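Okay, so here's the structure we're looking at.
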Amino acid sequence: MDDALLSRLQDGDEEAFVTLVARYQQPMLRFARTMVHTQAVAEEVVQDTWMGVVRGIDRFEGRSSLKTWLFRILTNRARSTGAREPSHAPIEALHSVDPSRFTTNGQWADPLDRWTEDSEDRLDAATWSPMLKAALDDLPPRQRQVVMLRDVEGLSNEETCAVLDITSGNQRILLHRGRSRLREILEAALREG
Amino acid sequence: MLLLRRRDIVCQQAVELVTDYLEGALSRRDRRRFEAHIRACPNCTAYLEQIRITIELTGTIEPEALTPEARAELSDLYRRWRSE
């Protein structure tokens, strides 16, 4: 979809721009919110990004995907506002799983639920999507950025590193913590439900 | 035998290796140890499956729809940017 859009954008096709905006405005806004303190600044940053896209589209050579390029511009614009990433984030967990779930030998103290067989209905996306969204918003900003790019937007490891300008190892640590936390929240919800 | 045992990983270590495993970032030796553990451990098999499902579900998160006002505003801006 993005490849076809790209050539139309470069031809100055307004409809193509609107399509791009419809697809990425909200994800970009949510992403920008992880980098700046207020919704108003996030909106400015996203608008500034669109301006950068319109003015820079002729120079875009397609060495990265259009999506990677968009998020890369967004990240640069957000960082250039000079805003520190929001600091009210909860303390980052050092363990993927609460240590109390393991015996002193490091084995699971209690059996884990299988999610595959009978939980398909309970894990219906329409039900869990709002809950996961809220859980995602509660992740520390850097974890949230990586999980959004990787698991929501579907960027690769390399693309995510390019957008955020982080190393592959760092990216994996953030991804690991974020995914572990989301699993924990899903698990708690499933046990309650 | 004792040395082999020592190299075995336990569940609490396995859960920390899951992302590196899925990302293909484990050394060959660590990958073998991880896979051997998973094969032998139903709980960690379940855990890995839970992580996979978590990733899948995260991928189903839909962006909110854009309001017609926001869309119109950006169209106006587009025309202005293009004409400048």
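Following the order of the structure tokens, chains are lettered A, B, ..., residues in each are numbered from 1, and ligands are numbered from 1.
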Distance filter 10 Å, only C-alpha atoms, chain B against chain A, as a VMD selection string: chain B and resid 9 to 20 23 25 41 to 47 49 to 68 70 to 72 74 to 82 84
Those same residues, written as a short mmCIF file (atom, residue, chain, number, x, y, z; two decimals), in the first residue's frame with N, CA and C atoms?
```cif
data_model
loop_
_atom_site.label_atom_id
_atom_site.label_comp_id
_atom_site.auth_asym_id
_atom_site.auth_seq_id
_atom_site.Cartn_x
_atom_site.Cartn_y
_atom_site.Cartn_z
N ILE B 9 19.35 -24.54 32.01
CA ILE B 9 18.76 -23.32 32.54
C ILE B 9 17.46 -23.65 33.28
N VAL B 10 17.13 -22.80 34.22
CA VAL B 10 15.89 -22.99 34.96
C VAL B 10 14.83 -22.02 34.43
N CYS B 11 13.59 -22.25 34.85
CA CYS B 11 12.45 -21.48 34.33
C CYS B 11 12.66 -19.97 34.46
N GLN B 12 13.16 -19.56 35.62
CA GLN B 12 13.32 -18.12 35.87
C GLN B 12 14.33 -17.50 34.91
N GLN B 13 15.30 -18.31 34.45
CA GLN B 13 16.23 -17.80 33.44
C GLN B 13 15.60 -17.85 32.06
N ALA B 14 14.83 -18.91 31.81
CA ALA B 14 14.23 -19.09 30.48
C ALA B 14 13.33 -17.91 30.12
N VAL B 15 12.53 -17.43 31.11
CA VAL B 15 11.61 -16.33 30.78
C VAL B 15 12.36 -15.05 30.40
N GLU B 16 13.60 -14.93 30.90
CA GLU B 16 14.40 -13.75 30.55
C GLU B 16 15.01 -13.86 29.15
N LEU B 17 15.01 -15.08 28.60
CA LEU B 17 15.63 -15.29 27.29
C LEU B 17 14.63 -15.29 26.14
N VAL B 18 13.34 -15.21 26.48
CA VAL B 18 12.30 -15.40 25.48
C VAL B 18 12.43 -14.42 24.29
N THR B 19 12.63 -13.15 24.60
CA THR B 19 12.68 -12.17 23.50
C THR B 19 13.94 -12.38 22.65
N ASP B 20 15.07 -12.59 23.30
CA ASP B 20 16.29 -12.86 22.54
C ASP B 20 16.10 -14.10 21.66
N GLU B 23 13.84 -13.17 18.76
CA GLU B 23 14.53 -12.23 17.88
C GLU B 23 15.72 -12.89 17.16
N ALA B 25 18.44 -13.78 18.58
CA ALA B 25 19.65 -13.12 19.07
C ALA B 25 20.46 -14.00 20.04
N CYS B 41 9.80 -28.56 29.62
CA CYS B 41 9.04 -27.82 30.64
C CYS B 41 7.68 -27.33 30.10
N PRO B 42 6.61 -27.97 30.51
CA PRO B 42 5.27 -27.55 30.04
C PRO B 42 4.93 -26.11 30.44
N ASN B 43 5.40 -25.69 31.62
CA ASN B 43 5.09 -24.33 32.05
C ASN B 43 5.76 -23.28 31.18
N CYS B 44 7.02 -23.51 30.86
CA CYS B 44 7.71 -22.55 30.00
C CYS B 44 7.20 -22.62 28.56
N THR B 45 6.73 -23.80 28.15
CA THR B 45 6.08 -23.91 26.84
C THR B 45 4.83 -23.03 26.83
N ALA B 46 4.08 -23.11 27.93
CA ALA B 46 2.87 -22.28 28.05
C ALA B 46 3.25 -20.80 28.08
N TYR B 47 4.34 -20.49 28.77
CA TYR B 47 4.78 -19.10 28.87
C TYR B 47 5.14 -18.53 27.49
N GLU B 49 4.10 -19.55 24.66
CA GLU B 49 2.86 -19.42 23.91
C GLU B 49 2.11 -18.14 24.33
N GLN B 50 2.10 -17.86 25.61
CA GLN B 50 1.44 -16.65 26.11
C GLN B 50 2.09 -15.40 25.54
N ILE B 51 3.41 -15.42 25.48
CA ILE B 51 4.13 -14.27 24.90
C ILE B 51 3.76 -14.11 23.42
N ARG B 52 3.72 -15.24 22.71
CA ARG B 52 3.36 -15.18 21.28
C ARG B 52 1.96 -14.61 21.10
N ILE B 53 1.04 -15.04 21.94
CA ILE B 53 -0.34 -14.55 21.85
C ILE B 53 -0.40 -13.06 22.22
N THR B 54 0.40 -12.68 23.22
CA THR B 54 0.46 -11.26 23.61
C THR B 54 0.91 -10.41 22.42
N ILE B 55 1.95 -10.87 21.73
CA ILE B 55 2.45 -10.13 20.56
C ILE B 55 1.37 -10.03 19.49
N GLU B 56 0.70 -11.16 19.26
CA GLU B 56 -0.35 -11.20 18.25
C GLU B 56 -1.48 -10.22 18.60
N LEU B 57 -1.90 -10.25 19.86
CA LEU B 57 -2.99 -9.37 20.29
C LEU B 57 -2.58 -7.90 20.22
N THR B 58 -1.33 -7.62 20.58
CA THR B 58 -0.85 -6.23 20.50
C THR B 58 -0.94 -5.75 19.06
N GLY B 59 -0.71 -6.65 18.13
CA GLY B 59 -0.79 -6.31 16.71
C GLY B 59 -2.20 -6.04 16.22
N THR B 60 -3.19 -6.41 17.03
CA THR B 60 -4.58 -6.16 16.60
C THR B 60 -5.09 -4.82 17.09
N ILE B 61 -4.26 -4.10 17.86
CA ILE B 61 -4.69 -2.78 18.34
C ILE B 61 -4.93 -1.87 17.14
N GLU B 62 -6.14 -1.36 17.06
CA GLU B 62 -6.51 -0.52 15.92
C GLU B 62 -6.32 0.95 16.29
N PRO B 63 -5.78 1.74 15.37
CA PRO B 63 -5.71 3.17 15.66
C PRO B 63 -7.11 3.76 15.70
N GLU B 64 -7.29 4.80 16.51
CA GLU B 64 -8.59 5.48 16.55
C GLU B 64 -8.82 6.13 15.20
N ALA B 65 -10.09 6.24 14.85
CA ALA B 65 -10.42 6.88 13.58
C ALA B 65 -10.13 8.38 13.69
N LEU B 66 -9.77 8.94 12.56
CA LEU B 66 -9.46 10.36 12.52
C LEU B 66 -10.77 11.13 12.36
N THR B 67 -10.93 12.22 13.10
CA THR B 67 -12.16 13.00 12.96
C THR B 67 -12.15 13.71 11.61
N PRO B 68 -13.34 13.93 11.03
CA PRO B 68 -13.41 14.64 9.73
C PRO B 68 -12.79 16.04 9.83
N ALA B 70 -10.21 16.99 11.75
CA ALA B 70 -8.75 16.89 11.71
C ALA B 70 -8.29 16.61 10.28
N ARG B 71 -9.06 15.76 9.60
CA ARG B 71 -8.72 15.43 8.22
C ARG B 71 -8.80 16.67 7.33
N ALA B 72 -9.87 17.44 7.51
CA ALA B 72 -10.07 18.64 6.69
C ALA B 72 -8.97 19.67 6.97
N LEU B 74 -5.95 19.11 7.96
CA LEU B 74 -4.68 18.70 7.36
C LEU B 74 -4.70 18.84 5.84
N SER B 75 -5.88 18.65 5.25
CA SER B 75 -5.98 18.87 3.80
C SER B 75 -5.71 20.33 3.46
N ASP B 76 -6.28 21.21 4.28
CA ASP B 76 -6.04 22.65 4.08
C ASP B 76 -4.55 22.97 4.20
N LEU B 77 -3.95 22.40 5.25
CA LEU B 77 -2.52 22.64 5.46
C LEU B 77 -1.70 22.12 4.29
N TYR B 78 -2.11 20.95 3.78
CA TYR B 78 -1.40 20.34 2.66
C TYR B 78 -1.35 21.31 1.48
N ARG B 79 -2.52 21.88 1.17
CA ARG B 79 -2.58 22.81 0.04
C ARG B 79 -1.68 24.03 0.29
N ARG B 80 -1.69 24.47 1.55
CA ARG B 80 -0.85 25.64 1.86
C ARG B 80 0.64 25.29 1.72
N TRP B 81 1.02 24.14 2.27
CA TRP B 81 2.43 23.73 2.20
C TRP B 81 2.89 23.54 0.76
N ARG B 82 1.97 22.98 -0.06
CA ARG B 82 2.33 22.73 -1.45
C ARG B 82 2.51 24.03 -2.22
N GLU B 84 3.43 26.93 -1.00
CA GLU B 84 4.48 27.82 -0.50
C GLU B 84 5.80 27.59 -1.24
#
```
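From CA of Leu70 (chain A) back to CA of Val53 (chain A), the distance works out to 7.3 Å.
A straight line drawn from CA of Ile73 (chain A) to CA of Ala135 (chain A) is 26.0 Å long.
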Applying 6 Å and only C-alpha atoms, which residues near Gln143 (chain A) remain after dropping the ones on its own chain fewer than 2 positions away? List them as a PDB file with C-alpha atoms, in the first residue's frame.
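Output file result00.pdb follows:
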```pdb
ATOM      1  CA  PRO A 140       7.491   3.469  30.548  1.00  0.00           C
ATOM      2  CA  PRO A 141       7.932   5.709  27.456  1.00  0.00           C
ATOM      3  CA  GLN A 145       7.947   3.368  21.853  1.00  0.00           C
ATOM      4  CA  VAL A 146       9.593   0.062  21.009  1.00  0.00           C
ATOM      5  CA  LEU A 174      13.013  -2.564  25.973  1.00  0.00           C
ATOM      6  CA  GLY A 178       7.330  -4.178  27.457  1.00  0.00           C
TER       7      GLY A 178
END
```
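Relative to CA of Thr49 (chain A), CA of Leu6 (chain A) is found at 15.9 Å.
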